[in-house]
Amino acid sequence: LPKRLQGGKPSVWNEYIALAMQYKPLNLGQGFPDELPPSYVTDALADIAKSDNPMLQQYTRGYGHVRLVQALSKLYSGLVKREINPLSEILITSGAYEALYSAIMGHVDDGDEVIIIEPFFDCYEPMVKMAGGVPRFIALKPNKSNGTVSSADWVLDDAELEQLFNNKTKMIILNTPHNPIGKVFHREELERIAALCRKWNVLCLSDEVYEWLVYDDAKHIRICTLPDMWERTITIGSAGKTFSVTGWKIGWAYGPANLITNLQLVHQNSVYTCPTPIQEAVARGFELELTRLESPDCYFNSLPQELKVKRDFMAKFLQDAGLKPTIPEGGYFMLADWSKLGNKIDLSSEVDQHLDYKFTKWMTRNMGLQGIPPSAFYGEAHKNLGENFVRYCFIKKQENLEKAAELLKKWK
Ligand code: PMP
Ligand code: GLN
């Protein structure tokens, strides 16, 4: 094995998808909707498949299908209030995954430090290591434990964050709305991060794949819109999350041309170009939404409305079952503290090292309900911080959420 891959293990996704295939539990694990996406999105793909334009079935522009980068440029130019060049400031990637990969590979050099906020979407750490970088972790921690806990109660310690920055720091990876906590970083929190980025001349890689999914009064703020942050921020989005088509695996990165060009280099030497029909369909989806961004019918407004109901339903049934949820301000995941149930289950037959792995595997086998163990989202030294929790996904049919509620009632 080359040095850059040493110590690598199958990810939690590979392990838990195999587990789900074996035990066929009600799956609230991996994040994806179990209902059909909006029909205009899939109809577009069907039309494209039958189109008499032969070019729609052939390679398209490597850095991104023109119709799609144009639609994205229109959308984000409006949102970030600056003109985004569709050809030089946007790259279309194979899911947000590849946008992360190209941004990290395109910027991180041997020995560069990258600050990662825990818990984190699990691929950040191995990607940084593959690039030769050194991950430096800082954990979000809940600052309260009684009463209702919201994702807003999970915070960074300012002094600890400040200490992590030094002249080897190349990049900080931010994820807002956050997976798995559901935290939507508030303006003051982003301003603190931005100030440190400016002070230490650090890049910000902002993973915003859940940008449309915010609830109640939470507001998604793009860190690239803060003063002097455009120049140092690469922002990432995902068609899978935006249009509920996670299997389409189209994502993008946008930012200043001098940074995006480095991602383009990685992309041209690995993926080269993403599927044309899918990019065309996503472009048509954005074109429609662009005509109704302010309307409640816009999918970016109607989906969070629907999800808020599911979030509240899940929070209630978890609470009733004795699991203590953190109410997410955004995204489609919920963390719940299961430690109070410890005396109702016997985990002694489970062989995993971490308690949350034991708990989630036991649940899959014995109760037919699957969640994700959050310690997968921490660096080795902090895995204990995730062990009392389980992550459930709530972008699921009401019928399935009700089944999950029924399964958990056994513990009443
Ligand atoms: N970042 C986060 C925080 C995610 O939850 C996901 C979902 N897998 C991704 C990136 C990757 O998105 P995609 O499916 O578009 O590759
Ligand atoms: N983002 C999704 C999740 O967190 C999917 C992860 C994946 O497929 N790797 O569950």
# chains A, B, ... in the order shown; residues from 1 in each chain; ligands from 1
>>> residues_around(residues="stretch 235-238 of chain A", least_positions_apart="2", cutoff="7 Å", atoms="only C-alpha atoms", output="PyMOL selection string")
chain A and resi 95-96+99+205-209+233+240-242+250-255
>>> residues_around(residues="A:Pro275", least_positions_apart="6", cutoff="9 Å", atoms="only C-alpha atoms", output="PDB file with N, CA and C atoms, in the first residue's frame")
ATOM      1  N   GLN A  57     -25.895  13.109 -25.355  1.00  0.00           N
ATOM      2  CA  GLN A  57     -25.425  11.782 -24.907  1.00  0.00           C
ATOM      3  C   GLN A  57     -23.899  11.669 -25.014  1.00  0.00           C
ATOM      4  N   GLN A  58     -23.237  12.761 -25.319  1.00  0.00           N
ATOM      5  CA  GLN A  58     -21.778  12.699 -25.504  1.00  0.00           C
ATOM      6  C   GLN A  58     -21.060  13.518 -24.425  1.00  0.00           C
ATOM      7  N   TYR A  59     -19.732  13.377 -24.391  1.00  0.00           N
ATOM      8  CA  TYR A  59     -18.931  14.175 -23.446  1.00  0.00           C
ATOM      9  C   TYR A  59     -19.336  15.636 -23.529  1.00  0.00           C
ATOM     10  N   THR A  60     -19.298  16.283 -22.384  1.00  0.00           N
ATOM     11  CA  THR A  60     -19.496  17.725 -22.393  1.00  0.00           C
ATOM     12  C   THR A  60     -18.229  18.401 -21.851  1.00  0.00           C
ATOM     13  N   HIS A  65     -20.695  21.311 -17.718  1.00  0.00           N
ATOM     14  CA  HIS A  65     -21.646  21.515 -18.812  1.00  0.00           C
ATOM     15  C   HIS A  65     -22.082  22.991 -18.796  1.00  0.00           C
ATOM     16  N   SER A  94     -18.005  15.279  -9.520  1.00  0.00           N
ATOM     17  CA  SER A  94     -18.736  14.042  -9.314  1.00  0.00           C
ATOM     18  C   SER A  94     -19.209  14.008  -7.848  1.00  0.00           C
ATOM     19  N   ILE A 250     -23.846  14.668  -8.636  1.00  0.00           N
ATOM     20  CA  ILE A 250     -23.293  15.875  -9.265  1.00  0.00           C
ATOM     21  C   ILE A 250     -23.136  16.927  -8.162  1.00  0.00           C
TER      22      ILE A 250
END
>>> residues_around(residues="A:Ala315", least_positions_apart="6", cutoff="8 Å", atoms="only C-alpha atoms", output="mmCIF file with C-alpha atoms, in the first residue's frame")
data_model
loop_
_atom_site.group_PDB
_atom_site.id
_atom_site.type_symbol
_atom_site.label_atom_id
_atom_site.label_comp_id
_atom_site.auth_asym_id
_atom_site.auth_seq_id
_atom_site.Cartn_x
_atom_site.Cartn_y
_atom_site.Cartn_z
ATOM 1 C CA PRO A 325 -32.303 14.434 20.696
ATOM 2 C CA ILE A 327 -32.935 19.531 17.741
ATOM 3 C CA MET A 334 -30.587 14.264 14.195
#
>>> closest_atom_pairs(of="stretch 265-317 of chain A", to="stretch 380-402 of chain A", cutoff="10 Å", atoms="only C-alpha atoms", output="Markdown table")
| residue | atom | partner | partner_atom | distance |
| --- | --- | --- | --- | --- |
| A:Leu303 | CA | A:Ile395 | CA | 9.7 |
| A:Glu306 | CA | A:Ile395 | CA | 9.1 |
| A:Leu307 | CA | A:Ile395 | CA | 6.6 |
| A:Lys308 | CA | A:Phe394 | CA | 9.4 |
| A:Val309 | CA | A:Gln398 | CA | 9.6 |
| A:Lys310 | CA | A:Phe394 | CA | 6.2 |
| A:Arg311 | CA | A:Phe394 | CA | 6.2 |
| A:Asp312 | CA | A:Phe394 | CA | 9.6 |
| A:Phe313 | CA | A:Leu401 | CA | 7.9 |
| A:Met314 | CA | A:Phe394 | CA | 7.0 |
| A:Ala315 | CA | A:Phe394 | CA | 9.6 |
| A:Phe317 | CA | A:Glu402 | CA | 8.7 |
>>> write_last_selection(atoms="N, CA and C atoms", output="PDB file, in the first residue's frame")
ATOM      1  N   LEU A 303     -39.258  22.101   0.358  1.00  0.00           N
ATOM      2  CA  LEU A 303     -38.625  20.933   0.999  1.00  0.00           C
ATOM      3  C   LEU A 303     -38.344  21.180   2.491  1.00  0.00           C
ATOM      4  N   GLU A 306     -41.493  20.801   4.501  1.00  0.00           N
ATOM      5  CA  GLU A 306     -41.883  19.401   4.726  1.00  0.00           C
ATOM      6  C   GLU A 306     -40.981  18.736   5.753  1.00  0.00           C
ATOM      7  N   LEU A 307     -39.698  19.058   5.672  1.00  0.00           N
ATOM      8  CA  LEU A 307     -38.740  18.388   6.555  1.00  0.00           C
ATOM      9  C   LEU A 307     -38.871  18.817   8.008  1.00  0.00           C
ATOM     10  N   LYS A 308     -39.303  20.042   8.187  1.00  0.00           N
ATOM     11  CA  LYS A 308     -39.461  20.530   9.556  1.00  0.00           C
ATOM     12  C   LYS A 308     -40.485  19.666  10.306  1.00  0.00           C
ATOM     13  N   VAL A 309     -41.550  19.265   9.608  1.00  0.00           N
ATOM     14  CA  VAL A 309     -42.581  18.419  10.220  1.00  0.00           C
ATOM     15  C   VAL A 309     -41.976  17.059  10.590  1.00  0.00           C
ATOM     16  N   LYS A 310     -41.153  16.529   9.702  1.00  0.00           N
ATOM     17  CA  LYS A 310     -40.514  15.233   9.963  1.00  0.00           C
ATOM     18  C   LYS A 310     -39.529  15.349  11.133  1.00  0.00           C
ATOM     19  N   ARG A 311     -38.793  16.464  11.138  1.00  0.00           N
ATOM     20  CA  ARG A 311     -37.857  16.687  12.237  1.00  0.00           C
ATOM     21  C   ARG A 311     -38.589  16.676  13.579  1.00  0.00           C
ATOM     22  N   ASP A 312     -39.708  17.409  13.632  1.00  0.00           N
ATOM     23  CA  ASP A 312     -40.428  17.509  14.898  1.00  0.00           C
ATOM     24  C   ASP A 312     -41.015  16.158  15.302  1.00  0.00           C
ATOM     25  N   PHE A 313     -41.494  15.414  14.300  1.00  0.00           N
ATOM     26  CA  PHE A 313     -42.045  14.086  14.576  1.00  0.00           C
ATOM     27  C   PHE A 313     -40.953  13.175  15.151  1.00  0.00           C
ATOM     28  N   MET A 314     -39.787  13.210  14.524  1.00  0.00           N
ATOM     29  CA  MET A 314     -38.700  12.351  15.005  1.00  0.00           C
ATOM     30  C   MET A 314     -38.240  12.768  16.403  1.00  0.00           C
ATOM     31  N   ALA A 315     -38.097  14.065  16.617  1.00  0.00           N
ATOM     32  CA  ALA A 315     -37.633  14.530  17.929  1.00  0.00           C
ATOM     33  C   ALA A 315     -38.562  14.009  19.017  1.00  0.00           C
ATOM     34  N   PHE A 317     -40.645  11.288  18.926  1.00  0.00           N
ATOM     35  CA  PHE A 317     -40.622   9.852  19.220  1.00  0.00           C
ATOM     36  C   PHE A 317     -39.297   9.415  19.843  1.00  0.00           C
TER      37      PHE A 317
END
>>> select_by_dssp(residues="stretch 139-348 of chain A", states="strand (DSSP E or B)", output="ChimeraX atom specification")
/A:139,141-142,149-150,154-155,169-175,203-207,214,233-238,251-254,324-327,330,333-337
>>> residues_near_ligand(ligand="ligand 2", cutoff="7 Å", atoms="only C-alpha atoms and all ligand atoms", output="list in words")
Trp13, Gly29, Gln30, Gly31, Phe32, Phe121 and Asn179 of chain A
>>> closest_residue(among="A:Ala218, A:Leu290, A:Leu100, A:Val155", to="ligand 1", atoms="only C-alpha atoms and all ligand atoms")
A:Leu100
>>> select_by_dssp(residues="stretch 80-134 of chain A", states="helix (DSSP H, G or I)", output="NGL selection string")
:A and (80 or 95-105 or 124-130)
>>> residues_around(residues="A:Ala18", least_positions_apart="4", cutoff="12 Å", atoms="only C-alpha atoms", output="list in words")
Pro10, Ser11, Val12, Trp13, Asn14, Gln22, Tyr23, Lys24, Pro25, Asn27, Gly29, Gln30, Lys361, Thr364 and Gln370 of chain A
>>> atom_distance(atom1="atom CA of A:Phe333", atom2="atom CA of A:Asp157")
23.4 Å
>>> closest_residue(among="A:Gln353, A:Ser102, A:Asn258, A:Asn166", to="A:Asn201", atoms="only C-alpha atoms")
A:Asn166
>>> residues_around(residues="A:Ala257", least_positions_apart="5", cutoff="9 Å", atoms="only C-alpha atoms", output="list of chain:residue names")
A:Asn85, A:Leu87, A:Ser88, A:Glu89, A:Ile90, A:Asn262
>>> closest_residue(among="A:Gly111, A:Pro2, A:Gly182, A:Pro227", to="ligand 1", atoms="only C-alpha atoms and all ligand atoms")
A:Gly182
>>> atom_distance(atom1="atom CA of A:Pro374", atom2="atom CA of A:Trp248")
25.5 Å
>>> closest_residue(among="A:Pro277, A:Pro126, A:Ala103, A:Gly331", to="A:Ala46", atoms="only C-alpha atoms")
A:Pro277
>>> residues_around(residues="A:Arg292", least_positions_apart="6", cutoff="12 Å", atoms="only C-alpha atoms", output="list in words")
Leu75, Gly285, Phe286, Cys298, Tyr299, Phe300, Asn301 and Ser302 of chain A
>>> write_last_selection(atoms="C-alpha atoms", output="PDB file, in the first residue's frame")
ATOM      1  CA  LEU A  75     -28.127  31.523  -8.833  1.00  0.00           C
ATOM      2  CA  GLY A 285     -34.032  22.074 -12.534  1.00  0.00           C
ATOM      3  CA  PHE A 286     -32.157  25.214 -11.515  1.00  0.00           C
ATOM      4  CA  CYS A 298     -39.865  26.708  -5.093  1.00  0.00           C
ATOM      5  CA  TYR A 299     -38.444  23.338  -4.045  1.00  0.00           C
ATOM      6  CA  PHE A 300     -35.787  25.124  -2.006  1.00  0.00           C
ATOM      7  CA  ASN A 301     -38.619  26.568   0.118  1.00  0.00           C
ATOM      8  CA  SER A 302     -41.104  23.684   0.075  1.00  0.00           C
TER       9      SER A 302
END
>>> residues_around(residues="A:Arg82", least_positions_apart="3", cutoff="10 Å", atoms="only C-alpha atoms", output="list in words")
Ser73, Tyr76, Ser77, Gly78, Leu79, Asn85, Thr225 and Trp230 of chain A
>>> write_last_selection(atoms="N, CA and C atoms", output="mmCIF file, in the first residue's frame")
data_model
loop_
_atom_site.group_PDB
_atom_site.id
_atom_site.type_symbol
_atom_site.label_atom_id
_atom_site.label_comp_id
_atom_site.auth_asym_id
_atom_site.auth_seq_id
_atom_site.Cartn_x
_atom_site.Cartn_y
_atom_site.Cartn_z
ATOM 1 N N SER A 73 -24.139 30.034 -12.005
ATOM 2 C CA SER A 73 -23.595 31.384 -11.934
ATOM 3 C C SER A 73 -24.716 32.381 -11.643
ATOM 4 N N TYR A 76 -25.926 31.731 -7.833
ATOM 5 C CA TYR A 76 -25.018 32.154 -6.759
ATOM 6 C C TYR A 76 -24.581 33.611 -6.904
ATOM 7 N N SER A 77 -24.546 34.143 -8.116
ATOM 8 C CA SER A 77 -24.239 35.574 -8.242
ATOM 9 C C SER A 77 -25.265 36.362 -7.444
ATOM 10 N N GLY A 78 -26.530 35.928 -7.542
ATOM 11 C CA GLY A 78 -27.586 36.597 -6.775
ATOM 12 C C GLY A 78 -27.395 36.394 -5.283
ATOM 13 N N LEU A 79 -27.061 35.179 -4.894
ATOM 14 C CA LEU A 79 -26.993 34.877 -3.460
ATOM 15 C C LEU A 79 -25.780 35.499 -2.778
ATOM 16 N N ASN A 85 -18.155 34.221 -12.498
ATOM 17 C CA ASN A 85 -17.878 33.819 -13.876
ATOM 18 C C ASN A 85 -18.149 32.321 -14.034
ATOM 19 N N THR A 225 -19.374 35.407 1.815
ATOM 20 C CA THR A 225 -19.934 36.763 1.709
ATOM 21 C C THR A 225 -19.421 37.680 2.822
ATOM 22 N N TRP A 230 -14.297 36.221 0.165
ATOM 23 C CA TRP A 230 -14.455 35.652 -1.175
ATOM 24 C C TRP A 230 -13.113 35.143 -1.694
#
>>> closest_residue(among="A:Ala44, A:Ile117, A:Ile221, A:Val214", to="A:His186", atoms="only C-alpha atoms")
A:Ile221
>>> decode(residues="stretch 100-241 of chain A", atoms="C-alpha atoms", output="mmCIF file, in the first residue's frame")
data_model
loop_
_atom_site.group_PDB
_atom_site.id
_atom_site.type_symbol
_atom_site.label_atom_id
_atom_site.label_comp_id
_atom_site.auth_asym_id
_atom_site.auth_seq_id
_atom_site.Cartn_x
_atom_site.Cartn_y
_atom_site.Cartn_z
ATOM 1 C CA LEU A 100 -13.981 18.271 -1.507
ATOM 2 C CA TYR A 101 -11.340 15.977 -2.937
ATOM 3 C CA SER A 102 -10.275 18.373 -5.686
ATOM 4 C CA ALA A 103 -10.193 21.326 -3.294
ATOM 5 C CA ILE A 104 -8.042 19.439 -0.792
ATOM 6 C CA MET A 105 -5.752 17.803 -3.368
ATOM 7 C CA GLY A 106 -5.516 21.080 -5.233
ATOM 8 C CA HIS A 107 -4.304 23.050 -2.209
ATOM 9 C CA VAL A 108 -2.897 20.915 0.580
ATOM 10 C CA ASP A 109 0.796 20.061 0.404
ATOM 11 C CA ASP A 110 2.991 17.735 2.491
ATOM 12 C CA GLY A 111 2.993 18.893 6.092
ATOM 13 C CA ASP A 112 0.282 21.536 5.664
ATOM 14 C CA GLU A 113 -2.146 21.659 8.560
ATOM 15 C CA VAL A 114 -5.878 21.531 7.977
ATOM 16 C CA ILE A 115 -8.315 22.407 10.758
ATOM 17 C CA ILE A 116 -11.288 20.056 10.903
ATOM 18 C CA ILE A 117 -14.273 20.718 13.148
ATOM 19 C CA GLU A 118 -15.561 17.593 14.908
ATOM 20 C CA PRO A 119 -17.848 15.846 14.396
ATOM 21 C CA PHE A 120 -17.096 16.044 10.663
ATOM 22 C CA PHE A 121 -18.318 14.389 7.471
ATOM 23 C CA ASP A 122 -16.036 11.389 7.624
ATOM 24 C CA CYS A 123 -14.137 11.754 4.332
ATOM 25 C CA TYR A 124 -12.470 15.046 5.305
ATOM 26 C CA GLU A 125 -9.802 13.337 7.395
ATOM 27 C CA PRO A 126 -8.652 10.667 4.893
ATOM 28 C CA MET A 127 -8.704 13.211 2.061
ATOM 29 C CA VAL A 128 -6.419 15.545 3.992
ATOM 30 C CA LYS A 129 -4.092 12.666 4.823
ATOM 31 C CA MET A 130 -4.002 11.461 1.209
ATOM 32 C CA ALA A 131 -2.855 14.938 0.227
ATOM 33 C CA GLY A 132 -0.005 14.667 2.757
ATOM 34 C CA GLY A 133 -1.666 17.153 5.097
ATOM 35 C CA VAL A 134 -1.956 16.998 8.864
ATOM 36 C CA PRO A 135 -5.506 17.187 10.262
ATOM 37 C CA ARG A 136 -5.866 19.304 13.407
ATOM 38 C CA PHE A 137 -9.145 18.699 15.193
ATOM 39 C CA ILE A 138 -11.399 20.846 17.313
ATOM 40 C CA ALA A 139 -14.720 19.573 18.634
ATOM 41 C CA LEU A 140 -18.085 21.258 18.819
ATOM 42 C CA LYS A 141 -19.377 20.521 22.312
ATOM 43 C CA PRO A 142 -22.841 20.954 23.803
ATOM 44 C CA ASN A 143 -22.817 23.713 26.399
ATOM 45 C CA LYS A 144 -25.934 22.401 28.095
ATOM 46 C CA SER A 145 -27.396 19.007 28.895
ATOM 47 C CA ASN A 146 -30.738 19.634 30.578
ATOM 48 C CA GLY A 147 -33.909 20.823 28.941
ATOM 49 C CA THR A 148 -34.253 20.861 25.176
ATOM 50 C CA VAL A 149 -30.877 20.820 23.475
ATOM 51 C CA SER A 150 -30.614 22.559 20.113
ATOM 52 C CA SER A 151 -27.821 22.262 17.585
ATOM 53 C CA ALA A 152 -27.122 25.923 18.407
ATOM 54 C CA ASP A 153 -25.979 24.737 21.852
ATOM 55 C CA TRP A 154 -23.062 22.862 20.279
ATOM 56 C CA VAL A 155 -20.263 25.395 20.131
ATOM 57 C CA LEU A 156 -16.533 25.811 19.582
ATOM 58 C CA ASP A 157 -14.268 27.085 22.312
ATOM 59 C CA ASP A 158 -12.862 30.353 20.968
ATOM 60 C CA ALA A 159 -9.487 30.089 22.693
ATOM 61 C CA GLU A 160 -9.021 26.501 21.538
ATOM 62 C CA LEU A 161 -9.839 27.500 17.962
ATOM 63 C CA GLU A 162 -7.430 30.411 18.078
ATOM 64 C CA GLN A 163 -4.627 28.155 19.322
ATOM 65 C CA LEU A 164 -4.994 25.818 16.373
ATOM 66 C CA PHE A 165 -4.080 28.490 13.830
ATOM 67 C CA ASN A 166 -0.392 28.920 13.095
ATOM 68 C CA ASN A 167 1.822 29.528 10.079
ATOM 69 C CA LYS A 168 1.533 25.903 8.929
ATOM 70 C CA THR A 169 -2.254 26.161 8.717
ATOM 71 C CA LYS A 170 -3.349 25.950 5.104
ATOM 72 C CA MET A 171 -7.079 25.444 5.363
ATOM 73 C CA ILE A 172 -10.059 25.129 7.659
ATOM 74 C CA ILE A 173 -12.991 22.953 6.629
ATOM 75 C CA LEU A 174 -16.363 24.311 7.626
ATOM 76 C CA ASN A 175 -19.678 22.510 7.200
ATOM 77 C CA THR A 176 -22.859 24.524 7.573
ATOM 78 C CA PRO A 177 -25.666 23.410 7.846
ATOM 79 C CA HIS A 178 -23.815 20.697 9.656
ATOM 80 C CA ASN A 179 -23.813 16.921 9.270
ATOM 81 C CA PRO A 180 -24.409 15.263 11.760
ATOM 82 C CA ILE A 181 -25.402 17.918 14.351
ATOM 83 C CA GLY A 182 -27.648 20.054 12.168
ATOM 84 C CA LYS A 183 -25.933 23.191 13.399
ATOM 85 C CA VAL A 184 -26.357 26.278 11.238
ATOM 86 C CA PHE A 185 -23.401 28.461 12.118
ATOM 87 C CA HIS A 186 -24.482 31.897 13.286
ATOM 88 C CA ARG A 187 -22.975 35.084 11.926
ATOM 89 C CA GLU A 188 -20.807 35.767 14.983
ATOM 90 C CA GLU A 189 -19.386 32.237 14.844
ATOM 91 C CA LEU A 190 -18.552 32.646 11.152
ATOM 92 C CA GLU A 191 -17.034 36.046 11.806
ATOM 93 C CA ARG A 192 -14.671 34.550 14.375
ATOM 94 C CA ILE A 193 -13.557 31.879 11.916
ATOM 95 C CA ALA A 194 -13.203 34.459 9.142
ATOM 96 C CA ALA A 195 -11.081 36.747 11.326
ATOM 97 C CA LEU A 196 -8.646 33.883 12.022
ATOM 98 C CA CYS A 197 -8.538 32.956 8.329
ATOM 99 C CA ARG A 198 -7.613 36.527 7.446
ATOM 100 C CA LYS A 199 -5.084 36.821 10.249
ATOM 101 C CA TRP A 200 -3.236 33.607 9.317
ATOM 102 C CA ASN A 201 -3.865 33.750 5.564
ATOM 103 C CA VAL A 202 -5.828 30.498 5.612
ATOM 104 C CA LEU A 203 -8.235 29.085 3.023
ATOM 105 C CA CYS A 204 -11.768 28.190 4.020
ATOM 106 C CA LEU A 205 -13.349 25.139 2.406
ATOM 107 C CA SER A 206 -17.038 25.596 3.073
ATOM 108 C CA ASP A 207 -19.177 22.490 2.624
ATOM 109 C CA GLU A 208 -22.693 23.842 2.186
ATOM 110 C CA VAL A 209 -24.457 20.837 0.660
ATOM 111 C CA TYR A 210 -27.478 21.378 2.977
ATOM 112 C CA GLU A 211 -27.685 25.099 2.132
ATOM 113 C CA TRP A 212 -31.467 25.045 1.513
ATOM 114 C CA LEU A 213 -32.390 22.941 4.519
ATOM 115 C CA VAL A 214 -32.803 25.346 7.421
ATOM 116 C CA TYR A 215 -35.673 25.434 9.904
ATOM 117 C CA ASP A 216 -37.489 27.952 12.063
ATOM 118 C CA ASP A 217 -35.529 31.182 12.283
ATOM 119 C CA ALA A 218 -32.156 29.753 11.284
ATOM 120 C CA LYS A 219 -30.570 31.482 8.324
ATOM 121 C CA HIS A 220 -27.877 29.962 6.157
ATOM 122 C CA ILE A 221 -24.997 32.404 5.801
ATOM 123 C CA ARG A 222 -22.352 31.796 3.160
ATOM 124 C CA ILE A 223 -18.979 32.539 4.731
ATOM 125 C CA CYS A 224 -17.677 33.694 1.322
ATOM 126 C CA THR A 225 -19.934 36.763 1.709
ATOM 127 C CA LEU A 226 -18.129 37.988 4.832
ATOM 128 C CA PRO A 227 -15.607 40.833 4.341
ATOM 129 C CA ASP A 228 -12.464 39.740 2.474
ATOM 130 C CA MET A 229 -13.572 36.101 2.503
ATOM 131 C CA TRP A 230 -14.455 35.652 -1.175
ATOM 132 C CA GLU A 231 -10.739 35.635 -2.043
ATOM 133 C CA ARG A 232 -10.023 32.759 0.348
ATOM 134 C CA THR A 233 -13.163 30.615 0.259
ATOM 135 C CA ILE A 234 -14.142 27.618 -1.848
ATOM 136 C CA THR A 235 -17.829 26.824 -1.413
ATOM 137 C CA ILE A 236 -19.276 23.416 -2.180
ATOM 138 C CA GLY A 237 -22.797 22.337 -3.142
ATOM 139 C CA SER A 238 -24.546 19.140 -4.207
ATOM 140 C CA ALA A 239 -27.355 18.426 -6.680
ATOM 141 C CA GLY A 240 -28.030 15.232 -4.730
ATOM 142 C CA LYS A 241 -28.983 17.223 -1.642
#
